[in-house]
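coords-v1.pdb, holding PDB, C-alpha atoms:
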```
MODEL        1
ATOM      1  CA  MET N   1      11.704 -53.470   0.266
ATOM      2  CA  SER N   2       8.531 -52.109   1.739
ATOM      3  CA  ILE N   3       5.249 -53.420   0.420
ATOM      4  CA  LYS N   4       4.285 -49.932  -0.714
ATOM      5  CA  LEU N   5       7.368 -49.481  -2.837
ATOM      6  CA  LYS N   6       7.132 -53.004  -4.212
ATOM      7  CA  ALA N   7       3.576 -52.379  -5.349
ATOM      8  CA  LEU N   8       4.581 -49.069  -6.862
ATOM      9  CA  LEU N   9       7.374 -50.575  -8.939
ATOM     10  CA  LYS N  10       5.339 -53.596  -9.991
ATOM     11  CA  SER N  11       2.702 -51.472 -11.642
ATOM     12  CA  PRO N  12       3.352 -47.732 -11.654
ATOM     13  CA  TRP N  13       0.219 -45.825 -12.495
ATOM     14  CA  VAL N  14       0.949 -42.610 -14.275
ATOM     15  CA  PHE N  15      -0.772 -39.260 -14.097
ATOM     16  CA  HIS N  16      -0.011 -37.138 -17.120
ATOM     17  CA  LEU N  17       0.249 -33.416 -16.487
ATOM     18  CA  SER N  18       0.866 -30.866 -19.210
ATOM     19  CA  THR N  19       2.093 -27.517 -17.909
ATOM     20  CA  GLY N  20       1.756 -25.564 -21.101
ATOM     21  CA  SER N  21       3.443 -27.794 -23.647
ATOM     22  CA  CYS N  22       2.990 -27.681 -27.407
ATOM     23  CA  ASN N  23       1.263 -31.129 -27.198
ATOM     24  CA  ASN N  24       3.989 -32.914 -29.135
ATOM     25  CA  CYS N  25       5.359 -34.628 -26.029
ATOM     26  CA  ASP N  26       1.802 -35.513 -25.075
ATOM     27  CA  ILE N  27       1.268 -37.171 -28.447
ATOM     28  CA  GLU N  28       4.446 -39.221 -27.972
ATOM     29  CA  ILE N  29       3.229 -40.295 -24.533
ATOM     30  CA  LEU N  30      -0.027 -41.368 -26.092
ATOM     31  CA  ASP N  31       2.016 -43.329 -28.645
ATOM     32  CA  CYS N  32       3.607 -45.275 -25.793
ATOM     33  CA  LEU N  33       0.206 -46.695 -24.956
ATOM     34  CA  THR N  34      -0.496 -47.958 -28.454
ATOM     35  CA  PRO N  35       0.004 -51.675 -29.295
ATOM     36  CA  ARG N  36       3.217 -50.887 -31.145
ATOM     37  CA  PHE N  37       5.077 -49.812 -28.004
ATOM     38  CA  ASP N  38       2.620 -51.125 -25.427
ATOM     39  CA  ILE N  39       3.890 -49.601 -22.233
ATOM     40  CA  GLU N  40       1.293 -51.576 -20.311
ATOM     41  CA  ARG N  41       3.616 -54.559 -20.405
ATOM     42  CA  PHE N  42       5.524 -52.800 -17.614
ATOM     43  CA  GLY N  43       2.267 -52.397 -15.722
ATOM     44  CA  MET N  44       2.022 -48.709 -16.576
ATOM     45  CA  LEU N  45      -1.368 -47.205 -17.010
ATOM     46  CA  LEU N  46      -2.552 -43.655 -17.453
ATOM     47  CA  VAL N  47      -5.023 -42.733 -14.735
ATOM     48  CA  GLY N  48      -7.498 -39.905 -14.643
ATOM     49  CA  SER N  49      -7.021 -38.808 -11.056
ATOM     50  CA  ILE N  50      -3.851 -37.784  -9.257
ATOM     51  CA  LYS N  51      -5.063 -39.677  -6.177
ATOM     52  CA  HIS N  52      -4.766 -43.003  -7.996
ATOM     53  CA  ALA N  53      -1.304 -42.279  -9.380
ATOM     54  CA  ASP N  54       2.216 -43.350  -8.401
ATOM     55  CA  VAL N  55       4.092 -41.405 -11.039
ATOM     56  CA  LEU N  56       3.628 -37.758 -11.930
ATOM     57  CA  LEU N  57       4.638 -37.271 -15.548
ATOM     58  CA  ILE N  58       5.194 -33.639 -16.452
ATOM     59  CA  THR N  59       5.524 -32.123 -19.913
ATOM     60  CA  GLY N  60       5.699 -28.480 -20.899
ATOM     61  CA  SER N  61       7.671 -25.456 -19.866
ATOM     62  CA  GLY N  62       5.864 -24.716 -16.619
ATOM     63  CA  ASN N  63       4.335 -21.278 -16.837
ATOM     64  CA  ARG N  64       3.329 -19.057 -13.959
ATOM     65  CA  LYS N  65      -0.253 -20.202 -13.741
ATOM     66  CA  SER N  66       0.201 -23.919 -14.347
ATOM     67  CA  MET N  67       3.040 -24.329 -11.848
ATOM     68  CA  GLU N  68       0.647 -23.314  -9.073
ATOM     69  CA  ARG N  69      -1.559 -26.217 -10.149
ATOM     70  CA  ALA N  70       1.431 -28.560 -10.471
ATOM     71  CA  LYS N  71       2.458 -27.785  -6.888
ATOM     72  CA  ARG N  72      -1.056 -28.539  -5.702
ATOM     73  CA  LEU N  73      -1.061 -31.835  -7.608
ATOM     74  CA  TYR N  74       2.301 -32.822  -6.132
ATOM     75  CA  GLU N  75       0.861 -32.282  -2.654
ATOM     76  CA  GLN N  76      -2.051 -34.572  -3.455
ATOM     77  CA  ILE N  77      -0.185 -37.524  -4.993
ATOM     78  CA  PRO N  78       0.153 -40.489  -2.574
ATOM     79  CA  LYS N  79       3.725 -40.845  -1.325
ATOM     80  CA  PRO N  80       6.105 -42.519  -2.104
ATOM     81  CA  CYS N  81       5.879 -41.154  -5.593
ATOM     82  CA  LEU N  82       8.122 -40.576  -8.576
ATOM     83  CA  VAL N  83       8.268 -37.531 -10.829
ATOM     84  CA  VAL N  84       9.243 -37.810 -14.496
ATOM     85  CA  ALA N  85       9.951 -34.762 -16.674
ATOM     86  CA  VAL N  86       9.479 -35.435 -20.381
ATOM     87  CA  GLY N  87      10.806 -33.219 -23.136
ATOM     88  CA  GLU N  88      13.211 -30.331 -23.477
ATOM     89  CA  CYS N  89      10.698 -27.790 -22.151
ATOM     90  CA  ALA N  90      10.195 -29.646 -18.887
ATOM     91  CA  LEU N  91      13.958 -30.030 -18.476
ATOM     92  CA  SER N  92      15.195 -26.506 -19.107
ATOM     93  CA  ARG N  93      12.286 -24.700 -20.797
ATOM     94  CA  GLY N  94      13.937 -25.144 -24.198
ATOM     95  CA  MET N  95      13.303 -22.175 -26.449
ATOM     96  CA  PHE N  96      11.059 -20.535 -23.837
ATOM     97  CA  ILE N  97      13.908 -19.871 -21.412
ATOM     98  CA  HIS N  98      13.611 -16.099 -21.825
ATOM     99  CA  SER N  99       9.832 -16.057 -21.866
ATOM    100  CA  TYR N 100       8.111 -13.677 -19.472
ATOM    101  CA  ASN N 101       5.770 -16.456 -18.454
ATOM    102  CA  CYS N 102       8.295 -19.210 -17.609
ATOM    103  CA  PRO N 103      10.504 -17.795 -14.860
ATOM    104  CA  VAL N 104      11.658 -20.961 -13.070
ATOM    105  CA  PRO N 105      12.395 -24.475 -14.415
ATOM    106  CA  ILE N 106      10.203 -27.287 -13.126
ATOM    107  CA  ASP N 107      12.917 -29.071 -11.152
ATOM    108  CA  LYS N 108      13.443 -26.004  -8.956
ATOM    109  CA  ILE N 109       9.810 -26.289  -7.845
ATOM    110  CA  ILE N 110       9.131 -30.049  -7.768
ATOM    111  CA  PRO N 111      11.841 -32.689  -7.130
ATOM    112  CA  VAL N 112      12.265 -34.544 -10.432
ATOM    113  CA  ASP N 113      13.519 -38.147 -10.408
ATOM    114  CA  VAL N 114      14.158 -38.764 -14.076
ATOM    115  CA  TYR N 115      14.699 -36.454 -17.029
ATOM    116  CA  ILE N 116      13.860 -37.619 -20.540
ATOM    117  CA  PRO N 117      15.350 -35.191 -23.093
ATOM    118  CA  GLY N 118      14.231 -34.718 -26.658
ATOM    119  CA  CYS N 119      11.929 -32.449 -28.580
ATOM    120  CA  PRO N 120       9.810 -34.555 -28.486
ATOM    121  CA  PRO N 121      11.475 -37.699 -27.081
ATOM    122  CA  LYS N 122      10.731 -40.875 -29.014
ATOM    123  CA  PRO N 123       8.466 -43.423 -27.343
ATOM    124  CA  GLU N 124      11.504 -45.680 -27.057
ATOM    125  CA  ALA N 125      13.307 -42.959 -25.107
ATOM    126  CA  ILE N 126      10.353 -42.532 -22.770
ATOM    127  CA  ILE N 127      10.166 -46.286 -22.148
ATOM    128  CA  ALA N 128      13.944 -46.493 -21.623
ATOM    129  CA  GLY N 129      13.819 -43.607 -19.171
ATOM    130  CA  VAL N 130      11.027 -45.075 -17.128
ATOM    131  CA  VAL N 131      12.615 -48.529 -17.041
ATOM    132  CA  LYS N 132      15.887 -46.975 -15.907
ATOM    133  CA  LEU N 133      14.024 -45.186 -13.136
ATOM    134  CA  ILE N 134      12.427 -48.411 -11.944
ATOM    135  CA  GLU N 135      15.792 -50.191 -11.981
ATOM    136  CA  LYS N 136      17.415 -47.373 -10.065
ATOM    137  CA  VAL N 137      14.785 -47.284  -7.351
ATOM    138  CA  LYS N 138      14.955 -51.076  -7.020
ATOM    139  CA  LYS N 139      18.746 -50.977  -6.654
ATOM    140  CA  ASP N 140      18.651 -48.165  -4.106
ATOM    141  CA  THR N 141      16.159 -49.975  -1.915
ATOM    142  CA  MET N 142      18.097 -53.230  -2.151
ATOM    143  CA  LYS N 143      21.134 -51.505  -0.642
ATOM    144  CA  LYS N 144      19.158 -50.266   2.351
TER     145      LYS N 144
ATOM    146  CA  MET S   1     -20.809  -8.971 -54.340
ATOM    147  CA  LYS S   2     -17.612  -9.519 -56.249
ATOM    148  CA  ARG S   3     -14.218  -8.843 -54.814
ATOM    149  CA  GLU S   4     -13.497  -5.808 -57.025
ATOM    150  CA  GLU S   5     -16.907  -4.373 -56.259
ATOM    151  CA  ILE S   6     -16.301  -4.632 -52.516
ATOM    152  CA  LEU S   7     -12.935  -2.919 -52.714
ATOM    153  CA  HIS S   8     -14.302  -0.224 -54.996
ATOM    154  CA  ASN S   9     -17.202   0.452 -52.612
ATOM    155  CA  LEU S  10     -14.906   0.575 -49.610
ATOM    156  CA  ARG S  11     -12.697   3.102 -51.344
ATOM    157  CA  LYS S  12     -15.693   5.177 -52.389
ATOM    158  CA  ILE S  13     -17.700   5.205 -49.159
ATOM    159  CA  PHE S  14     -14.737   5.733 -46.837
ATOM    160  CA  LYS S  15     -12.547   7.904 -49.011
ATOM    161  CA  ASP S  16     -11.610  10.185 -46.117
ATOM    162  CA  ASP S  17     -10.931   7.321 -43.727
ATOM    163  CA  VAL S  18      -8.912   4.927 -45.846
ATOM    164  CA  ILE S  19      -5.206   5.779 -45.951
ATOM    165  CA  GLU S  20      -3.930   2.882 -48.036
ATOM    166  CA  VAL S  21      -5.210  -0.296 -49.640
ATOM    167  CA  VAL S  22      -2.646  -3.066 -50.119
ATOM    168  CA  ASP S  23      -3.854  -5.753 -52.509
ATOM    169  CA  LYS S  24      -1.641  -8.520 -51.263
ATOM    170  CA  SER S  25      -3.068 -11.564 -53.007
ATOM    171  CA  PRO S  26      -6.424 -12.809 -54.378
ATOM    172  CA  LYS S  27      -7.365 -13.936 -50.890
ATOM    173  CA  ARG S  28      -5.974 -11.089 -48.849
ATOM    174  CA  VAL S  29      -6.354  -7.311 -48.629
ATOM    175  CA  TYR S  30      -4.859  -4.950 -46.080
ATOM    176  CA  ILE S  31      -6.709  -1.690 -45.572
ATOM    177  CA  GLU S  32      -5.046   0.960 -43.480
ATOM    178  CA  ILE S  33      -7.542   3.353 -41.914
ATOM    179  CA  LYS S  34      -7.497   6.260 -39.509
ATOM    180  CA  HIS S  35      -7.980   5.146 -35.941
ATOM    181  CA  GLU S  36     -10.924   7.510 -35.337
ATOM    182  CA  SER S  37     -12.989   5.855 -38.053
ATOM    183  CA  LEU S  38     -12.431   2.253 -36.996
ATOM    184  CA  VAL S  39     -15.931   1.632 -35.622
ATOM    185  CA  LYS S  40     -17.537   3.071 -38.777
ATOM    186  CA  VAL S  41     -15.526   0.925 -41.197
ATOM    187  CA  ALA S  42     -15.676  -2.207 -39.051
ATOM    188  CA  SER S  43     -19.446  -2.055 -38.675
ATOM    189  CA  TYR S  44     -19.827  -1.568 -42.435
ATOM    190  CA  ILE S  45     -17.679  -4.648 -43.117
ATOM    191  CA  PHE S  46     -19.358  -6.693 -40.411
ATOM    192  CA  LYS S  47     -22.986  -5.719 -40.940
ATOM    193  CA  ASP S  48     -23.293  -4.749 -44.593
ATOM    194  CA  LEU S  49     -20.708  -7.032 -46.174
ATOM    195  CA  LYS S  50     -21.704  -9.893 -43.818
ATOM    196  CA  ALA S  51     -18.102 -10.630 -42.941
ATOM    197  CA  ARG S  52     -17.045 -12.800 -40.041
ATOM    198  CA  PHE S  53     -14.730 -11.299 -37.431
ATOM    199  CA  ASN S  54     -11.778 -13.667 -37.126
ATOM    200  CA  THR S  55      -9.539 -12.035 -34.596
ATOM    201  CA  ALA S  56      -7.404  -9.012 -33.945
ATOM    202  CA  SER S  57      -3.659  -8.866 -33.527
ATOM    203  CA  GLY S  58      -1.546  -6.191 -31.935
ATOM    204  CA  VAL S  59       2.087  -5.481 -32.719
ATOM    205  CA  ASP S  60       4.603  -3.132 -31.174
ATOM    206  CA  MET S  61       6.448  -1.579 -34.135
ATOM    207  CA  ARG S  62       8.872   0.503 -32.019
ATOM    208  CA  ASN S  63       7.646   3.891 -33.264
ATOM    209  CA  HIS S  64       3.962   3.085 -33.181
ATOM    210  CA  MET S  65       1.568   0.345 -32.163
ATOM    211  CA  GLU S  66      -0.404  -1.477 -34.787
ATOM    212  CA  ILE S  67      -3.655  -3.389 -34.480
ATOM    213  CA  LEU S  68      -4.941  -5.563 -37.294
ATOM    214  CA  TYR S  69      -8.591  -6.574 -37.308
ATOM    215  CA  HIS S  70      -9.105  -9.601 -39.517
ATOM    216  CA  PHE S  71     -12.450 -10.077 -41.252
ATOM    217  CA  LEU S  72     -13.296 -12.969 -43.514
ATOM    218  CA  ILE S  73     -15.962 -12.799 -46.209
ATOM    219  CA  GLU S  74     -16.620 -16.490 -46.544
ATOM    220  CA  ASP S  75     -18.605 -16.785 -49.773
ATOM    221  CA  ILE S  76     -15.820 -15.159 -51.836
ATOM    222  CA  ASN S  77     -12.997 -16.290 -49.541
ATOM    223  CA  LEU S  78     -11.521 -12.851 -48.978
ATOM    224  CA  LEU S  79      -9.639 -11.916 -45.827
ATOM    225  CA  ILE S  80      -9.748  -8.207 -45.099
ATOM    226  CA  SER S  81      -7.301  -6.933 -42.502
ATOM    227  CA  LEU S  82      -8.013  -3.472 -41.145
ATOM    228  CA  ARG S  83      -4.764  -1.917 -40.066
ATOM    229  CA  VAL S  84      -4.820   0.808 -37.447
ATOM    230  CA  LYS S  85      -1.713   2.668 -36.352
ATOM    231  CA  LEU S  86      -1.568   4.226 -32.909
ATOM    232  CA  GLN S  87       1.112   6.764 -32.147
ATOM    233  CA  LYS S  88       2.916   6.269 -28.831
ATOM    234  CA  PRO S  89       2.401   7.446 -26.046
ATOM    235  CA  LYS S  90      -1.342   7.958 -26.640
ATOM    236  CA  LEU S  91      -2.507   4.365 -26.960
ATOM    237  CA  GLU S  92      -6.280   4.660 -27.138
ATOM    238  CA  ILE S  93      -8.807   3.332 -29.588
ATOM    239  CA  ASP S  94     -12.559   2.842 -29.657
ATOM    240  CA  SER S  95     -13.752  -0.585 -28.630
ATOM    241  CA  LEU S  96     -15.586  -2.781 -31.115
ATOM    242  CA  VAL S  97     -17.558  -4.666 -28.462
ATOM    243  CA  PRO S  98     -20.719  -2.540 -28.928
ATOM    244  CA  VAL S  99     -20.717  -3.645 -32.589
ATOM    245  CA  PHE S 100     -19.950  -7.344 -32.104
ATOM    246  CA  GLU S 101     -19.365  -9.330 -28.932
ATOM    247  CA  GLY S 102     -16.577 -11.381 -30.508
ATOM    248  CA  ALA S 103     -14.108  -8.565 -29.959
ATOM    249  CA  ASN S 104     -14.487  -8.727 -26.181
ATOM    250  CA  TRP S 105     -11.819 -11.200 -25.148
ATOM    251  CA  ILE S 106      -9.228 -10.337 -27.791
ATOM    252  CA  GLU S 107      -9.409  -6.684 -26.745
ATOM    253  CA  ARG S 108      -8.886  -7.717 -23.142
ATOM    254  CA  GLU S 109      -5.849  -9.742 -24.188
ATOM    255  CA  ILE S 110      -4.353  -6.924 -26.265
ATOM    256  CA  HIS S 111      -4.979  -4.602 -23.329
ATOM    257  CA  GLU S 112      -3.100  -6.751 -20.824
ATOM    258  CA  ILE S 113      -0.246  -7.665 -23.129
ATOM    259  CA  LEU S 114       0.411  -4.394 -24.992
ATOM    260  CA  GLY S 115      -1.292  -1.852 -22.743
ATOM    261  CA  ILE S 116      -3.653  -0.403 -25.320
ATOM    262  CA  ASN S 117      -6.736   1.226 -23.829
ATOM    263  CA  PHE S 118     -10.022   0.339 -25.532
ATOM    264  CA  LYS S 119     -12.539   3.123 -24.950
ATOM    265  CA  GLY S 120     -16.072   1.866 -24.360
ATOM    266  CA  HIS S 121     -15.152  -1.708 -23.521
ATOM    267  CA  PRO S 122     -17.651  -2.995 -20.932
ATOM    268  CA  ASP S 123     -15.221  -4.883 -18.708
ATOM    269  CA  LEU S 124     -11.558  -4.262 -19.479
ATOM    270  CA  LYS S 125      -9.894  -6.588 -16.986
ATOM    271  CA  ARG S 126      -7.137  -9.142 -17.425
ATOM    272  CA  LEU S 127      -7.735 -12.274 -19.436
ATOM    273  CA  LEU S 128      -4.751 -14.631 -19.196
ATOM    274  CA  LEU S 129      -1.965 -13.114 -17.133
ATOM    275  CA  PRO S 130      -1.548 -14.434 -13.568
ATOM    276  CA  ASP S 131      -2.946 -12.489 -10.637
ATOM    277  CA  ASP S 132       0.454 -11.616  -9.174
ATOM    278  CA  TRP S 133       1.562  -9.881 -12.377
ATOM    279  CA  PRO S 134       2.387  -6.225 -11.554
ATOM    280  CA  GLU S 135       0.237  -3.382 -12.851
ATOM    281  CA  GLY S 136       1.619  -1.392 -15.758
ATOM    282  CA  VAL S 137       4.039  -4.054 -17.003
ATOM    283  CA  TYR S 138       3.221  -5.166 -20.527
ATOM    284  CA  PRO S 139       5.145  -8.286 -21.602
ATOM    285  CA  LEU S 140       5.035  -7.995 -25.379
ATOM    286  CA  ARG S 141       6.197  -4.402 -25.599
ATOM    287  CA  ARG S 142       9.624  -3.763 -27.020
ATOM    288  CA  ASP S 143      10.826  -2.027 -23.862
ATOM    289  CA  TYR S 144       9.781  -4.872 -21.551
ATOM    290  CA  LYS S 145      12.315  -5.487 -18.790
ATOM    291  CA  GLU S 146      12.543  -8.472 -16.477
ATOM    292  CA  TRP S 147      10.751  -7.576 -13.237
ATOM    293  CA  ASP S 148      10.741 -10.919 -11.424
ATOM    294  CA  LYS S 149      13.669 -11.143  -8.989
ATOM    295  CA  ASN S 150      13.297 -14.927  -8.641
ATOM    296  CA  ALA S 151      13.540 -15.699 -12.345
ATOM    297  CA  ILE S 152      16.341 -18.021 -13.433
ATOM    298  CA  ARG S 153      17.483 -17.406 -16.998
ATOM    299  CA  ASP S 154      20.378 -19.826 -17.370
ATOM    300  CA  ARG S 155      20.292 -23.524 -18.056
ATOM    301  CA  GLY S 156      22.351 -24.426 -15.011
ATOM    302  CA  VAL S 157      25.252 -25.957 -16.895
TER     303      VAL S 157
ENDMDL
END
```
Do you think you could lay out the structure here as structure tokens?
Amino acid sequence: MSIKLKALLKSPWVFHLSTGSCNNCDIEILDCLTPRFDIERFGMLLVGSIKHADVLLITGSGNRKSMERAKRLYEQIPKPCLVVAVGECALSRGMFIHSYNCPVPIDKIIPVDVYIPGCPPKPEAIIAGVVKLIEKVKKDTMKK
Amino acid sequence: MKREEILHNLRKIFKDDVIEVVDKSPKRVYIEIKHESLVKVASYIFKDLKARFNTASGVDMRNHMEILYHFLIEDINLLISLRVKLQKPKLEIDSLVPVFEGANWIEREIHEILGINFKGHPDLKRLLLPDDWPEGVYPLRRDYKEWDKNAIRDRGV
């Protein structure tokens, strides 16, 4: 395993991006950081700048204006990186599938590594999803 | 002023302009007025009754367009909604921006989303829609058709 990837999996720093969500997923993500769920025990930390991040965490249905910004952020994140889509809207736009402002789902624009369904997903689901992602990346690199 | 007094005065002063007064609940009154006399009635409510302009909302009702201007008189907790009906295809109404600045952005939004032309608005450009949105396509109209060739409308399963 390369040193870069090892460092990434040891302590993935997360940048939280909302592309027009109703804020419910964002509240659940905030709940993950509270002492009750304490996602920092996996080394995860929310960071303020995309340039410090290893994981891009996307919520929301991805409307026309915000997807331009999401693309720009994906170009700026240091590679290798992981992309996590949280919530039904980020997966398939949920109830906004016929909206004039959400033409394309997020995973057709940015490659998404893990999908966490739910409206909103529970903090346990978010933690389980992220841990599964870490396990998967570890296993894949072991094979190589 | 009391609530009854306000409604009585409105009926008396604007008896040619008011079409219908719907007394919905103690907190809420809908007043339908002619669209030519909107500025007159709105400035009376705003300046003389000291009401606060909350917002405006536009609706496409298939046969006509409707704009509701919501005013709140805070000391008696009364929400007055001025209802204006615009017959299609002539969608024009006087702007309220010369009376109060708070109407500026909501009129821009109604303009871009429903295509209603506000006469006398100082700067009627787009507010929220993206720059590559085509001219003359109004998303919240009933006859809106999908224009984007790249749009994907299935869930992929």
To verify the selection step, state as a PDB file with C-alpha atoms, in the coordinates of the input which residues the ChimeraX specification (/N :<7) & /S yields on this input.
```pdb
ATOM      1  CA  PRO S 130      -1.548 -14.434 -13.568  1.00  0.00           C
ATOM      2  CA  PRO S 139       5.145  -8.286 -21.602  1.00  0.00           C
ATOM      3  CA  ALA S 151      13.540 -15.699 -12.345  1.00  0.00           C
ATOM      4  CA  ILE S 152      16.341 -18.021 -13.433  1.00  0.00           C
ATOM      5  CA  ARG S 153      17.483 -17.406 -16.998  1.00  0.00           C
ATOM      6  CA  ARG S 155      20.292 -23.524 -18.056  1.00  0.00           C
TER       7      ARG S 155
END
```
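You can rank S:Asn117, S:Ser37, S:Ser25, S:Ser95 by their closest distance to Leu79 of chain S using all atoms listed in the file, and at the top of that list sits S:Ser25.
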Item to check | Who sits within 10 Å of Val99 of chain S, only C-alpha atoms, same chain under 6 positions skipped, as a ChimeraX atom specification | outcome: /S:39-40,42-43,46-47
Next on the checklist: I'd like the neighbourhood of Arg69 of chain N as a ChimeraX atom specification, where a residue qualifies if any of its atoms comes within 12 Å (using all atoms listed in the file), though same-chain residues fewer than 2 positions away should be ignored.
Outcome noted: /N:17-20,50,58,62-67,71-76,109-110
Output C-alpha atoms of each residue in that selection to a file, as an mmCIF file, in the coordinates of the input.
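Okay, this is what ended up in again.cif:
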```cif
data_model
loop_
_atom_site.group_PDB
_atom_site.id
_atom_site.type_symbol
_atom_site.label_atom_id
_atom_site.label_comp_id
_atom_site.auth_asym_id
_atom_site.auth_seq_id
_atom_site.Cartn_x
_atom_site.Cartn_y
_atom_site.Cartn_z
ATOM 1 C CA LEU N 17 0.249 -33.416 -16.487
ATOM 2 C CA SER N 18 0.866 -30.866 -19.210
ATOM 3 C CA THR N 19 2.093 -27.517 -17.909
ATOM 4 C CA GLY N 20 1.756 -25.564 -21.101
ATOM 5 C CA ILE N 50 -3.851 -37.784 -9.257
ATOM 6 C CA ILE N 58 5.194 -33.639 -16.452
ATOM 7 C CA GLY N 62 5.864 -24.716 -16.619
ATOM 8 C CA ASN N 63 4.335 -21.278 -16.837
ATOM 9 C CA ARG N 64 3.329 -19.057 -13.959
ATOM 10 C CA LYS N 65 -0.253 -20.202 -13.741
ATOM 11 C CA SER N 66 0.201 -23.919 -14.347
ATOM 12 C CA MET N 67 3.040 -24.329 -11.848
ATOM 13 C CA LYS N 71 2.458 -27.785 -6.888
ATOM 14 C CA ARG N 72 -1.056 -28.539 -5.702
ATOM 15 C CA LEU N 73 -1.061 -31.835 -7.608
ATOM 16 C CA TYR N 74 2.301 -32.822 -6.132
ATOM 17 C CA GLU N 75 0.861 -32.282 -2.654
ATOM 18 C CA GLN N 76 -2.051 -34.572 -3.455
ATOM 19 C CA ILE N 109 9.810 -26.289 -7.845
ATOM 20 C CA ILE N 110 9.131 -30.049 -7.768
#
```
Next on the checklist: Which residues, named as in the file, does the PyMOL selection byres ((chain N and resi 138) around 12) pick out? Answer as a PyMOL selection string.
Outcome noted: chain N and resi 1-2+5-10+131-137+139-144
Please expand the PyMOL selection byres ((chain N and resi 123) around 10) into the concrete residues it hits in this file, giving the result as a compact mmCIF listing (two decimals) with C-alpha atoms, in the frame of the given file.
```txt
# COMPACT_ATOMS: atom_id res chain seq x y z
CA CYS N 25 5.36 -34.63 -26.03
CA ILE N 27 1.27 -37.17 -28.45
CA GLU N 28 4.45 -39.22 -27.97
CA ILE N 29 3.23 -40.30 -24.53
CA LEU N 30 -0.03 -41.37 -26.09
CA ASP N 31 2.02 -43.33 -28.64
CA CYS N 32 3.61 -45.28 -25.79
CA LEU N 33 0.21 -46.70 -24.96
CA ARG N 36 3.22 -50.89 -31.14
CA PHE N 37 5.08 -49.81 -28.00
CA ASP N 38 2.62 -51.12 -25.43
CA ILE N 39 3.89 -49.60 -22.23
CA PRO N 120 9.81 -34.56 -28.49
CA PRO N 121 11.48 -37.70 -27.08
CA LYS N 122 10.73 -40.88 -29.01
CA GLU N 124 11.50 -45.68 -27.06
CA ALA N 125 13.31 -42.96 -25.11
CA ILE N 126 10.35 -42.53 -22.77
CA ILE N 127 10.17 -46.29 -22.15
CA ALA N 128 13.94 -46.49 -21.62
CA GLY N 129 13.82 -43.61 -19.17
```
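Take atom CA of Phe118 of chain S and atom CA of Gln87 of chain S: the distance between them is 14.5 Å.
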Item to check | Separation of atom CA of Leu114 of chain S from atom CA of Ala70 of chain N in Å | outcome: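 About the pair atom CA of Ala70 of chain N and atom CA of Leu114 of chain S: they are 28.2 Å apart.
Of the residues listed (N:Ile106, N:Val84, N:Ile77, N:Pro35), N:Ile106 shows the shortest atom-to-atom separation from Ser61 of chain N; distances use all atoms listed in the file.
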Item to check | Shell of 7 Å around Pro117 of chain N, only C-alpha atoms, local chain residues under 6 positions omitted, as a VMD selection string | outcome: chain N and resid 86 to 88
Given 4 Å on each side, where is the centre and what are the edge lengths in Å to one decimal of the axis-aligned box enclosing the listed atoms of segment 50-63 of chain S, as lines of an AutoDock Vina configuration file?
```
center_x = -6.4
center_y = -4.9
center_z = -37.5
size_x = 38.6
size_y = 25.6
size_z = 20.6
```
